[in-house]
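Note: the block below is input-v3.txt and it holds compact mmCIF, N, CA and C atoms.
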```
# COMPACT_ATOMS: atom_id res chain seq x y z
N MET A 195 0.83 -1.18 0.00
CA MET A 195 0.00 0.00 0.00
C MET A 195 0.87 1.25 0.00
N ASN A 196 0.41 2.23 -0.71
CA ASN A 196 1.15 3.47 -0.83
C ASN A 196 0.30 4.61 -0.29
N ARG A 197 0.79 5.33 0.69
CA ARG A 197 0.04 6.44 1.28
C ARG A 197 0.42 7.79 0.66
N ALA A 198 1.47 7.84 -0.14
CA ALA A 198 1.94 9.11 -0.68
C ALA A 198 1.14 9.58 -1.87
N MET A 199 0.81 8.68 -2.78
CA MET A 199 0.07 9.11 -3.96
C MET A 199 -0.98 8.08 -4.33
N VAL A 200 -2.01 8.54 -4.96
CA VAL A 200 -3.10 7.68 -5.35
C VAL A 200 -2.98 7.27 -6.79
N LEU A 201 -2.81 8.21 -7.66
CA LEU A 201 -2.87 7.95 -9.08
C LEU A 201 -1.70 8.61 -9.78
N LYS A 202 -1.00 7.85 -10.59
CA LYS A 202 0.11 8.40 -11.35
C LYS A 202 0.01 7.86 -12.77
N THR A 203 -0.13 8.76 -13.73
CA THR A 203 -0.21 8.36 -15.13
C THR A 203 0.83 9.12 -15.93
N SER A 204 1.37 8.47 -16.94
CA SER A 204 2.38 9.09 -17.80
C SER A 204 1.91 9.05 -19.25
N GLY A 205 2.33 10.04 -19.99
CA GLY A 205 2.01 10.12 -21.41
C GLY A 205 3.09 10.86 -22.14
N ASP A 206 2.84 11.15 -23.40
CA ASP A 206 3.82 11.86 -24.22
C ASP A 206 4.08 13.28 -23.73
N LEU A 207 3.09 13.88 -23.11
CA LEU A 207 3.21 15.27 -22.67
C LEU A 207 3.74 15.41 -21.24
N GLY A 208 3.87 14.30 -20.52
CA GLY A 208 4.35 14.35 -19.14
C GLY A 208 3.60 13.38 -18.26
N GLU A 209 3.62 13.64 -16.95
CA GLU A 209 2.92 12.75 -16.03
C GLU A 209 2.03 13.54 -15.08
N VAL A 210 1.00 12.85 -14.59
CA VAL A 210 0.05 13.43 -13.66
C VAL A 210 0.07 12.59 -12.40
N THR A 211 0.24 13.25 -11.25
CA THR A 211 0.22 12.57 -9.96
C THR A 211 -0.82 13.25 -9.09
N ILE A 212 -1.71 12.44 -8.52
CA ILE A 212 -2.75 12.96 -7.64
C ILE A 212 -2.47 12.44 -6.24
N SER A 213 -2.30 13.34 -5.27
CA SER A 213 -1.95 12.92 -3.92
C SER A 213 -3.20 12.56 -3.12
N ASN A 214 -2.99 11.91 -2.00
CA ASN A 214 -4.07 11.54 -1.09
C ASN A 214 -4.81 12.77 -0.57
N ASN A 215 -4.11 13.88 -0.40
CA ASN A 215 -4.75 15.10 0.10
C ASN A 215 -5.84 15.60 -0.85
N VAL A 216 -5.64 15.42 -2.14
CA VAL A 216 -6.65 15.84 -3.11
C VAL A 216 -7.91 14.99 -2.93
N ILE A 217 -7.73 13.68 -2.79
CA ILE A 217 -8.86 12.78 -2.59
C ILE A 217 -9.55 13.12 -1.27
N SER A 218 -8.77 13.41 -0.23
CA SER A 218 -9.33 13.78 1.08
C SER A 218 -10.14 15.07 0.99
N GLU A 219 -9.63 16.06 0.27
CA GLU A 219 -10.35 17.33 0.12
C GLU A 219 -11.68 17.12 -0.60
N ILE A 220 -11.68 16.31 -1.64
CA ILE A 220 -12.91 16.04 -2.37
C ILE A 220 -13.91 15.33 -1.48
N ALA A 221 -13.46 14.28 -0.79
CA ALA A 221 -14.35 13.51 0.09
C ALA A 221 -14.91 14.39 1.21
N GLY A 222 -14.07 15.22 1.80
CA GLY A 222 -14.52 16.10 2.88
C GLY A 222 -15.52 17.13 2.42
N ALA A 223 -15.28 17.71 1.24
CA ALA A 223 -16.21 18.71 0.71
C ALA A 223 -17.56 18.09 0.42
N VAL A 224 -17.57 16.91 -0.14
CA VAL A 224 -18.84 16.24 -0.46
C VAL A 224 -19.56 15.82 0.81
N ALA A 225 -18.84 15.23 1.75
CA ALA A 225 -19.47 14.73 2.99
C ALA A 225 -20.08 15.86 3.81
N THR A 226 -19.38 16.98 3.92
CA THR A 226 -19.90 18.08 4.75
C THR A 226 -21.10 18.78 4.13
N LYS A 227 -21.34 18.58 2.84
CA LYS A 227 -22.51 19.17 2.19
C LYS A 227 -23.74 18.29 2.32
N CYS A 228 -23.59 17.07 2.83
CA CYS A 228 -24.73 16.17 3.00
C CYS A 228 -25.60 16.65 4.16
N TYR A 229 -26.90 16.52 4.00
CA TYR A 229 -27.85 16.94 5.02
C TYR A 229 -27.62 16.16 6.31
N GLY A 230 -27.57 16.87 7.44
CA GLY A 230 -27.43 16.24 8.73
C GLY A 230 -26.01 16.15 9.25
N VAL A 231 -25.04 16.49 8.40
CA VAL A 231 -23.63 16.43 8.82
C VAL A 231 -23.24 17.79 9.40
N VAL A 232 -22.74 17.77 10.65
CA VAL A 232 -22.30 18.99 11.30
C VAL A 232 -20.89 19.34 10.83
N GLY A 233 -20.02 18.35 10.74
CA GLY A 233 -18.65 18.59 10.30
C GLY A 233 -17.80 17.34 10.47
N MET A 234 -16.53 17.47 10.10
CA MET A 234 -15.59 16.38 10.22
C MET A 234 -15.09 16.30 11.66
N ALA A 235 -14.67 15.10 12.07
CA ALA A 235 -14.23 14.89 13.44
C ALA A 235 -12.81 14.36 13.47
N SER A 236 -12.14 14.68 14.56
CA SER A 236 -10.80 14.17 14.81
C SER A 236 -10.74 13.67 16.25
N ARG A 237 -10.25 12.46 16.43
CA ARG A 237 -10.15 11.88 17.76
C ARG A 237 -8.72 12.02 18.27
N ASN A 238 -8.59 12.59 19.46
CA ASN A 238 -7.29 12.71 20.11
C ASN A 238 -6.88 11.33 20.61
N LYS A 239 -5.78 10.79 20.08
CA LYS A 239 -5.36 9.43 20.43
C LYS A 239 -4.96 9.30 21.89
N LYS A 240 -4.49 10.38 22.47
CA LYS A 240 -4.00 10.33 23.85
C LYS A 240 -5.13 10.15 24.85
N ASP A 241 -6.19 10.98 24.75
CA ASP A 241 -7.26 10.89 25.73
C ASP A 241 -8.61 10.49 25.15
N GLY A 242 -8.70 10.26 23.83
CA GLY A 242 -9.93 9.78 23.20
C GLY A 242 -11.02 10.81 23.00
N ILE A 243 -10.72 12.08 23.19
CA ILE A 243 -11.71 13.14 23.03
C ILE A 243 -11.88 13.45 21.54
N VAL A 244 -13.13 13.60 21.12
CA VAL A 244 -13.44 13.91 19.73
C VAL A 244 -13.59 15.41 19.57
N ASN A 245 -12.96 15.98 18.54
CA ASN A 245 -13.03 17.41 18.26
C ASN A 245 -13.68 17.65 16.91
N LEU A 246 -14.50 18.69 16.83
CA LEU A 246 -15.08 19.12 15.57
C LEU A 246 -14.03 19.94 14.85
N LEU A 247 -13.72 19.56 13.61
CA LEU A 247 -12.67 20.24 12.85
C LEU A 247 -13.22 21.46 12.13
N LYS A 248 -12.37 22.46 11.98
CA LYS A 248 -12.74 23.65 11.21
C LYS A 248 -12.71 23.30 9.72
N ALA A 249 -13.35 24.11 8.92
CA ALA A 249 -13.47 23.84 7.49
C ALA A 249 -12.12 23.75 6.78
N ASP A 250 -11.12 24.48 7.25
CA ASP A 250 -9.83 24.47 6.58
C ASP A 250 -8.97 23.26 6.94
N SER A 251 -9.37 22.47 7.94
CA SER A 251 -8.59 21.28 8.33
C SER A 251 -9.43 20.02 8.28
N MET A 252 -10.41 19.98 7.40
CA MET A 252 -11.29 18.83 7.34
C MET A 252 -10.61 17.56 6.84
N THR A 253 -9.47 17.68 6.17
CA THR A 253 -8.78 16.49 5.68
C THR A 253 -8.23 15.64 6.81
N LYS A 254 -8.10 16.21 8.01
CA LYS A 254 -7.64 15.43 9.16
C LYS A 254 -8.68 14.40 9.59
N GLY A 255 -9.92 14.60 9.21
CA GLY A 255 -10.99 13.67 9.54
C GLY A 255 -11.17 12.58 8.50
N ILE A 256 -10.30 12.54 7.51
CA ILE A 256 -10.40 11.56 6.43
C ILE A 256 -9.06 10.90 6.22
N SER A 257 -9.08 9.59 6.05
CA SER A 257 -7.85 8.88 5.71
C SER A 257 -8.07 8.10 4.43
N ILE A 258 -7.04 8.07 3.61
CA ILE A 258 -7.07 7.39 2.32
C ILE A 258 -6.04 6.28 2.35
N THR A 259 -6.43 5.09 1.96
CA THR A 259 -5.52 3.96 1.85
C THR A 259 -5.57 3.46 0.41
N VAL A 260 -4.41 3.32 -0.21
CA VAL A 260 -4.34 2.88 -1.59
C VAL A 260 -4.20 1.36 -1.62
N GLU A 261 -5.06 0.73 -2.38
CA GLU A 261 -5.00 -0.71 -2.60
C GLU A 261 -4.79 -0.95 -4.08
N GLU A 262 -4.51 -2.17 -4.41
CA GLU A 262 -4.41 -2.52 -5.81
C GLU A 262 -5.81 -2.41 -6.42
N GLY A 263 -5.94 -1.62 -7.43
CA GLY A 263 -7.21 -1.47 -8.10
C GLY A 263 -8.10 -0.36 -7.56
N GLY A 264 -7.68 0.39 -6.56
CA GLY A 264 -8.52 1.46 -6.04
C GLY A 264 -8.07 1.98 -4.70
N VAL A 265 -8.98 2.66 -4.02
CA VAL A 265 -8.68 3.25 -2.72
C VAL A 265 -9.76 2.91 -1.71
N ILE A 266 -9.39 3.03 -0.44
CA ILE A 266 -10.34 2.93 0.67
C ILE A 266 -10.37 4.30 1.32
N VAL A 267 -11.58 4.83 1.52
CA VAL A 267 -11.76 6.13 2.14
C VAL A 267 -12.42 5.92 3.50
N GLU A 268 -11.82 6.49 4.53
CA GLU A 268 -12.40 6.43 5.88
C GLU A 268 -12.73 7.85 6.31
N ILE A 269 -14.01 8.06 6.67
CA ILE A 269 -14.50 9.39 7.00
C ILE A 269 -14.99 9.40 8.45
N HIS A 270 -14.48 10.35 9.24
CA HIS A 270 -14.91 10.53 10.63
C HIS A 270 -15.69 11.83 10.70
N LEU A 271 -16.93 11.76 11.21
CA LEU A 271 -17.75 12.96 11.23
C LEU A 271 -18.67 13.03 12.44
N ILE A 272 -19.27 14.20 12.59
CA ILE A 272 -20.25 14.47 13.65
C ILE A 272 -21.56 14.82 12.95
N VAL A 273 -22.67 14.24 13.44
CA VAL A 273 -23.97 14.46 12.82
C VAL A 273 -24.90 15.20 13.77
N GLU A 274 -25.99 15.71 13.22
CA GLU A 274 -27.01 16.41 14.01
C GLU A 274 -27.86 15.40 14.77
N TYR A 275 -28.30 15.80 15.94
CA TYR A 275 -29.21 14.98 16.73
C TYR A 275 -30.58 14.90 16.03
N GLY A 276 -31.19 13.73 16.05
CA GLY A 276 -32.53 13.56 15.50
C GLY A 276 -32.57 13.14 14.04
N ILE A 277 -31.41 12.99 13.42
CA ILE A 277 -31.33 12.58 12.02
C ILE A 277 -31.05 11.08 11.98
N ASN A 278 -31.64 10.39 11.01
CA ASN A 278 -31.40 8.95 10.84
C ASN A 278 -29.96 8.74 10.38
N ILE A 279 -29.14 8.18 11.26
CA ILE A 279 -27.71 8.02 10.98
C ILE A 279 -27.47 7.06 9.82
N ASN A 280 -28.24 5.99 9.74
CA ASN A 280 -28.07 5.03 8.65
C ASN A 280 -28.31 5.69 7.29
N THR A 281 -29.33 6.51 7.20
CA THR A 281 -29.65 7.20 5.95
C THR A 281 -28.56 8.19 5.58
N ILE A 282 -28.06 8.93 6.56
CA ILE A 282 -26.96 9.88 6.31
C ILE A 282 -25.74 9.15 5.77
N CYS A 283 -25.37 8.05 6.41
CA CYS A 283 -24.17 7.31 6.00
C CYS A 283 -24.30 6.74 4.59
N LYS A 284 -25.47 6.22 4.25
CA LYS A 284 -25.68 5.71 2.89
C LYS A 284 -25.56 6.83 1.86
N SER A 285 -26.12 7.98 2.18
CA SER A 285 -26.04 9.12 1.28
C SER A 285 -24.59 9.56 1.09
N ILE A 286 -23.83 9.64 2.18
CA ILE A 286 -22.43 10.04 2.11
C ILE A 286 -21.63 9.06 1.26
N VAL A 287 -21.82 7.77 1.50
CA VAL A 287 -21.09 6.75 0.75
C VAL A 287 -21.37 6.89 -0.75
N ASN A 288 -22.63 7.01 -1.11
CA ASN A 288 -22.99 7.11 -2.53
C ASN A 288 -22.45 8.37 -3.18
N ARG A 289 -22.58 9.50 -2.50
CA ARG A 289 -22.14 10.78 -3.07
C ARG A 289 -20.62 10.86 -3.17
N VAL A 290 -19.91 10.41 -2.12
CA VAL A 290 -18.44 10.46 -2.14
C VAL A 290 -17.90 9.52 -3.21
N ARG A 291 -18.43 8.31 -3.29
CA ARG A 291 -17.97 7.36 -4.31
C ARG A 291 -18.18 7.93 -5.72
N TYR A 292 -19.37 8.42 -5.98
CA TYR A 292 -19.68 8.98 -7.30
C TYR A 292 -18.74 10.14 -7.65
N THR A 293 -18.55 11.05 -6.72
CA THR A 293 -17.73 12.24 -6.99
C THR A 293 -16.27 11.88 -7.23
N ILE A 294 -15.70 11.02 -6.39
CA ILE A 294 -14.29 10.66 -6.56
C ILE A 294 -14.08 9.90 -7.87
N GLU A 295 -14.94 8.93 -8.14
CA GLU A 295 -14.75 8.13 -9.35
C GLU A 295 -14.94 8.96 -10.61
N ASN A 296 -15.85 9.92 -10.60
CA ASN A 296 -16.08 10.73 -11.80
C ASN A 296 -15.17 11.94 -11.91
N THR A 297 -14.67 12.45 -10.80
CA THR A 297 -13.78 13.61 -10.85
C THR A 297 -12.33 13.20 -11.08
N VAL A 298 -11.88 12.20 -10.32
CA VAL A 298 -10.48 11.80 -10.37
C VAL A 298 -10.25 10.64 -11.33
N GLY A 299 -11.24 9.79 -11.47
CA GLY A 299 -11.10 8.64 -12.37
C GLY A 299 -10.44 7.44 -11.73
N ILE A 300 -10.54 7.34 -10.40
CA ILE A 300 -9.97 6.18 -9.70
C ILE A 300 -11.11 5.45 -9.00
N LYS A 301 -11.02 4.13 -8.97
CA LYS A 301 -12.07 3.31 -8.36
C LYS A 301 -11.99 3.40 -6.84
N VAL A 302 -13.15 3.53 -6.22
CA VAL A 302 -13.25 3.52 -4.76
C VAL A 302 -13.71 2.12 -4.35
N ASN A 303 -12.83 1.37 -3.71
CA ASN A 303 -13.16 0.00 -3.30
C ASN A 303 -14.11 -0.03 -2.11
N ARG A 304 -13.89 0.88 -1.16
CA ARG A 304 -14.71 0.87 0.06
C ARG A 304 -14.67 2.25 0.70
N ILE A 305 -15.81 2.60 1.32
CA ILE A 305 -15.89 3.84 2.10
C ILE A 305 -16.43 3.47 3.47
N ASN A 306 -15.66 3.78 4.50
CA ASN A 306 -16.07 3.55 5.89
C ASN A 306 -16.43 4.88 6.50
N VAL A 307 -17.67 5.01 6.97
CA VAL A 307 -18.11 6.23 7.63
C VAL A 307 -18.19 5.95 9.11
N ARG A 308 -17.47 6.71 9.91
CA ARG A 308 -17.44 6.56 11.36
C ARG A 308 -18.09 7.80 11.99
N VAL A 309 -19.22 7.60 12.61
CA VAL A 309 -19.90 8.70 13.29
C VAL A 309 -19.28 8.79 14.69
N GLU A 310 -18.54 9.87 14.94
CA GLU A 310 -17.79 10.03 16.17
C GLU A 310 -18.58 10.77 17.25
N GLY A 311 -19.70 11.41 16.84
CA GLY A 311 -20.48 12.13 17.83
C GLY A 311 -21.76 12.67 17.24
N VAL A 312 -22.64 13.08 18.13
CA VAL A 312 -23.92 13.68 17.75
C VAL A 312 -23.98 15.05 18.41
N ARG A 313 -24.36 16.05 17.64
CA ARG A 313 -24.44 17.42 18.19
C ARG A 313 -25.89 17.79 18.40
N VAL A 314 -26.17 18.28 19.59
CA VAL A 314 -27.50 18.71 19.94
C VAL A 314 -27.51 20.23 19.96
N ASP A 315 -28.42 20.82 19.20
CA ASP A 315 -28.50 22.29 19.18
C ASP A 315 -29.49 22.79 20.18
```

With the file now loaded, output its structure as structure tokens.
Amino acid sequence: MNRAMVLKTSGDLGEVTISNNVISEIAGAVATKCYGVVGMASRNKKDGIVNLLKADSMTKGISITVEEGGVIVEIHLIVEYGININTICKSIVNRVRYTIENTVGIKVNRINVRVEGVRVD
């Protein structure tokens, strides 16, 4: 597995390399626009506390793993109280998969959505 780059293609005019951060930015932008999502989450490994990430650091809530034939996307987020979590997760998986595969042109093998918290307003 390679964590540095996702897609590298070469041609007569040069080569194109797409990093994991690009895939993370796309996944984060799509996920945070889904109804019921408050934002991306980050868990502090030392004490286990979950933090809501600001919009400029949402890639910290997403990890990309490169496999042969595609990628695995793991998304950590916080949702609104009172929303059907199963429905939100299905929507996120479908929208993120569609956007990455059609924008970047790389197959998404699996998307894991981890709901780290619920926010009550």

Among listed residues A:Val273, A:Val231, A:Val298, A:Ile256, nearest A:Val312 (using all atoms listed in the file):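 Comparing A:Val273, A:Val231, A:Val298, A:Ile256 against A:Val312, the winner is A:Val273.
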
Distance query A:Lys202 at most 8 Å, only N, CA and C atoms, self and fewer than 5 positions along chain excluded, as a list in words: Glu209, Val210, Thr211, Ile212 and Ser213 of chain A

Selected residue of minimal separation from A:Lys301 among A:Ile258, A:Leu207, A:Val265, A:Ile217, counting all atoms listed in the file: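 With all atoms listed in the file as the atom set, the closest residue is A:Val265.
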
Atomic separation - atom CA of A:Gly205 relative to atom CA of A:Arg291, Å: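 Computed distance, atom CA of A:Arg291 to atom CA of A:Gly205, equals 26.4 Å.
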
Edge lengths and centre in Å to one decimal, as lines of an AutoDock Vina configuration file, of the axis-aligned box that encloses all listed atoms of stretch 266-278 of chain A with 8 Å added on every side?
```
center_x = -21.0
center_y = 9.7
center_z = 8.1
size_x = 39.2
size_y = 29.5
size_z = 33.2
```

Strand (DSSP E or B) positions in chain A, given as JSON, numbers by chain: {"A": [199, 200, 201, 202, 203, 204, 205, 208, 209, 210, 211, 212, 213, 231, 232, 233, 234, 235, 236, 237, 244, 245, 246, 256, 257, 258, 259, 260, 261, 264, 265, 266, 267, 268, 269, 270, 271, 272, 273, 274, 302, 303, 304, 305, 306, 307, 308, 309, 310, 311, 312, 313]}

Those same residues - N, CA and C atoms - I'd like them written as a compact mmCIF listing (two decimals), in the coordinates of the input.
```
# COMPACT_ATOMS: atom_id res chain seq x y z
N MET A 199 0.81 8.68 -2.78
CA MET A 199 0.07 9.11 -3.96
C MET A 199 -0.98 8.08 -4.33
N VAL A 200 -2.01 8.54 -4.96
CA VAL A 200 -3.10 7.68 -5.35
C VAL A 200 -2.98 7.27 -6.79
N LEU A 201 -2.81 8.21 -7.66
CA LEU A 201 -2.87 7.95 -9.08
C LEU A 201 -1.70 8.61 -9.78
N LYS A 202 -1.00 7.85 -10.59
CA LYS A 202 0.11 8.40 -11.35
C LYS A 202 0.01 7.86 -12.77
N THR A 203 -0.13 8.76 -13.73
CA THR A 203 -0.21 8.36 -15.13
C THR A 203 0.83 9.12 -15.93
N SER A 204 1.37 8.47 -16.94
CA SER A 204 2.38 9.09 -17.80
C SER A 204 1.91 9.05 -19.25
N GLY A 205 2.33 10.04 -19.99
CA GLY A 205 2.01 10.12 -21.41
C GLY A 205 3.09 10.86 -22.14
N GLY A 208 3.87 14.30 -20.52
CA GLY A 208 4.35 14.35 -19.14
C GLY A 208 3.60 13.38 -18.26
N GLU A 209 3.62 13.64 -16.95
CA GLU A 209 2.92 12.75 -16.03
C GLU A 209 2.03 13.54 -15.08
N VAL A 210 1.00 12.85 -14.59
CA VAL A 210 0.05 13.43 -13.66
C VAL A 210 0.07 12.59 -12.40
N THR A 211 0.24 13.25 -11.25
CA THR A 211 0.22 12.57 -9.96
C THR A 211 -0.82 13.25 -9.09
N ILE A 212 -1.71 12.44 -8.52
CA ILE A 212 -2.75 12.96 -7.64
C ILE A 212 -2.47 12.44 -6.24
N SER A 213 -2.30 13.34 -5.27
CA SER A 213 -1.95 12.92 -3.92
C SER A 213 -3.20 12.56 -3.12
N VAL A 231 -25.04 16.49 8.40
CA VAL A 231 -23.63 16.43 8.82
C VAL A 231 -23.24 17.79 9.40
N VAL A 232 -22.74 17.77 10.65
CA VAL A 232 -22.30 18.99 11.30
C VAL A 232 -20.89 19.34 10.83
N GLY A 233 -20.02 18.35 10.74
CA GLY A 233 -18.65 18.59 10.30
C GLY A 233 -17.80 17.34 10.47
N MET A 234 -16.53 17.47 10.10
CA MET A 234 -15.59 16.38 10.22
C MET A 234 -15.09 16.30 11.66
N ALA A 235 -14.67 15.10 12.07
CA ALA A 235 -14.23 14.89 13.44
C ALA A 235 -12.81 14.36 13.47
N SER A 236 -12.14 14.68 14.56
CA SER A 236 -10.80 14.17 14.81
C SER A 236 -10.74 13.67 16.25
N ARG A 237 -10.25 12.46 16.43
CA ARG A 237 -10.15 11.88 17.76
C ARG A 237 -8.72 12.02 18.27
N VAL A 244 -13.13 13.60 21.12
CA VAL A 244 -13.44 13.91 19.73
C VAL A 244 -13.59 15.41 19.57
N ASN A 245 -12.96 15.98 18.54
CA ASN A 245 -13.03 17.41 18.26
C ASN A 245 -13.68 17.65 16.91
N LEU A 246 -14.50 18.69 16.83
CA LEU A 246 -15.08 19.12 15.57
C LEU A 246 -14.03 19.94 14.85
N ILE A 256 -10.30 12.54 7.51
CA ILE A 256 -10.40 11.56 6.43
C ILE A 256 -9.06 10.90 6.22
N SER A 257 -9.08 9.59 6.05
CA SER A 257 -7.85 8.88 5.71
C SER A 257 -8.07 8.10 4.43
N ILE A 258 -7.04 8.07 3.61
CA ILE A 258 -7.07 7.39 2.32
C ILE A 258 -6.04 6.28 2.35
N THR A 259 -6.43 5.09 1.96
CA THR A 259 -5.52 3.96 1.85
C THR A 259 -5.57 3.46 0.41
N VAL A 260 -4.41 3.32 -0.21
CA VAL A 260 -4.34 2.88 -1.59
C VAL A 260 -4.20 1.36 -1.62
N GLU A 261 -5.06 0.73 -2.38
CA GLU A 261 -5.00 -0.71 -2.60
C GLU A 261 -4.79 -0.95 -4.08
N GLY A 264 -7.68 0.39 -6.56
CA GLY A 264 -8.52 1.46 -6.04
C GLY A 264 -8.07 1.98 -4.70
N VAL A 265 -8.98 2.66 -4.02
CA VAL A 265 -8.68 3.25 -2.72
C VAL A 265 -9.76 2.91 -1.71
N ILE A 266 -9.39 3.03 -0.44
CA ILE A 266 -10.34 2.93 0.67
C ILE A 266 -10.37 4.30 1.32
N VAL A 267 -11.58 4.83 1.52
CA VAL A 267 -11.76 6.13 2.14
C VAL A 267 -12.42 5.92 3.50
N GLU A 268 -11.82 6.49 4.53
CA GLU A 268 -12.40 6.43 5.88
C GLU A 268 -12.73 7.85 6.31
N ILE A 269 -14.01 8.06 6.67
CA ILE A 269 -14.50 9.39 7.00
C ILE A 269 -14.99 9.40 8.45
N HIS A 270 -14.48 10.35 9.24
CA HIS A 270 -14.91 10.53 10.63
C HIS A 270 -15.69 11.83 10.70
N LEU A 271 -16.93 11.76 11.21
CA LEU A 271 -17.75 12.96 11.23
C LEU A 271 -18.67 13.03 12.44
N ILE A 272 -19.27 14.20 12.59
CA ILE A 272 -20.25 14.47 13.65
C ILE A 272 -21.56 14.82 12.95
N VAL A 273 -22.67 14.24 13.44
CA VAL A 273 -23.97 14.46 12.82
C VAL A 273 -24.90 15.20 13.77
N GLU A 274 -25.99 15.71 13.22
CA GLU A 274 -27.01 16.41 14.01
C GLU A 274 -27.86 15.40 14.77
N VAL A 302 -13.15 3.53 -6.22
CA VAL A 302 -13.25 3.52 -4.76
C VAL A 302 -13.71 2.12 -4.35
N ASN A 303 -12.83 1.37 -3.71
CA ASN A 303 -13.16 0.00 -3.30
C ASN A 303 -14.11 -0.03 -2.11
N ARG A 304 -13.89 0.88 -1.16
CA ARG A 304 -14.71 0.87 0.06
C ARG A 304 -14.67 2.25 0.70
N ILE A 305 -15.81 2.60 1.32
CA ILE A 305 -15.89 3.84 2.10
C ILE A 305 -16.43 3.47 3.47
N ASN A 306 -15.66 3.78 4.50
CA ASN A 306 -16.07 3.55 5.89
C ASN A 306 -16.43 4.88 6.50
N VAL A 307 -17.67 5.01 6.97
CA VAL A 307 -18.11 6.23 7.63
C VAL A 307 -18.19 5.95 9.11
N ARG A 308 -17.47 6.71 9.91
CA ARG A 308 -17.44 6.56 11.36
C ARG A 308 -18.09 7.80 11.99
N VAL A 309 -19.22 7.60 12.61
CA VAL A 309 -19.90 8.70 13.29
C VAL A 309 -19.28 8.79 14.69
N GLU A 310 -18.54 9.87 14.94
CA GLU A 310 -17.79 10.03 16.17
C GLU A 310 -18.58 10.77 17.25
N GLY A 311 -19.70 11.41 16.84
CA GLY A 311 -20.48 12.13 17.83
C GLY A 311 -21.76 12.67 17.24
N VAL A 312 -22.64 13.08 18.13
CA VAL A 312 -23.92 13.68 17.75
C VAL A 312 -23.98 15.05 18.41
N ARG A 313 -24.36 16.05 17.64
CA ARG A 313 -24.44 17.42 18.19
C ARG A 313 -25.89 17.79 18.40
```

Proximity to A:Lys254 - best of A:Asp206, A:Glu295, A:Asp315, A:Glu219, only N, CA and C atoms: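 Answer, going by the shortest atom-to-atom distance: A:Glu219.
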
Chain A: residues DSSP assigns to alpha helix (DSSP H), reported as a VMD selection string: chain A and resid 214 to 226 279 to 297

Who sits within 8 Å of A:Ile300, only N, CA and C atoms, same chain under 4 positions skipped, as a PyMOL selection string: chain A and resi 200-201+263-265+293-296

Which of A:Ile266, A:Ile220, A:Cys228, A:Gly208 sits closest to A:Ile282 [using all atoms listed in the file]: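 Closest to A:Ile282 of all the choices is A:Cys228.
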
Nearest-residue call for A:Ala235, choices A:Thr253, A:Val309, A:Glu262, A:His270, using all atoms listed in the file: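 So, comparing all the options, the nearest one is A:His270.
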
Nearest candidate to A:Val302 (options A:Ile277, A:Ile272, A:Cys283, A:Val267; using only C-alpha atoms):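 Closest to A:Val302 of all the choices is A:Val267.
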
Point-to-point distance from atom C of A:Gly311 to atom CA of A:Ile269, Å rounded to tenths: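 Answer for the atom C of A:Gly311 to atom CA of A:Ile269 separation: 13.0 Å.
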
Atomic separation - atom N of A:Val307 relative to atom CA of A:Thr281, Å: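 Atom CA of A:Thr281 sits 12.2 Å away from atom N of A:Val307.
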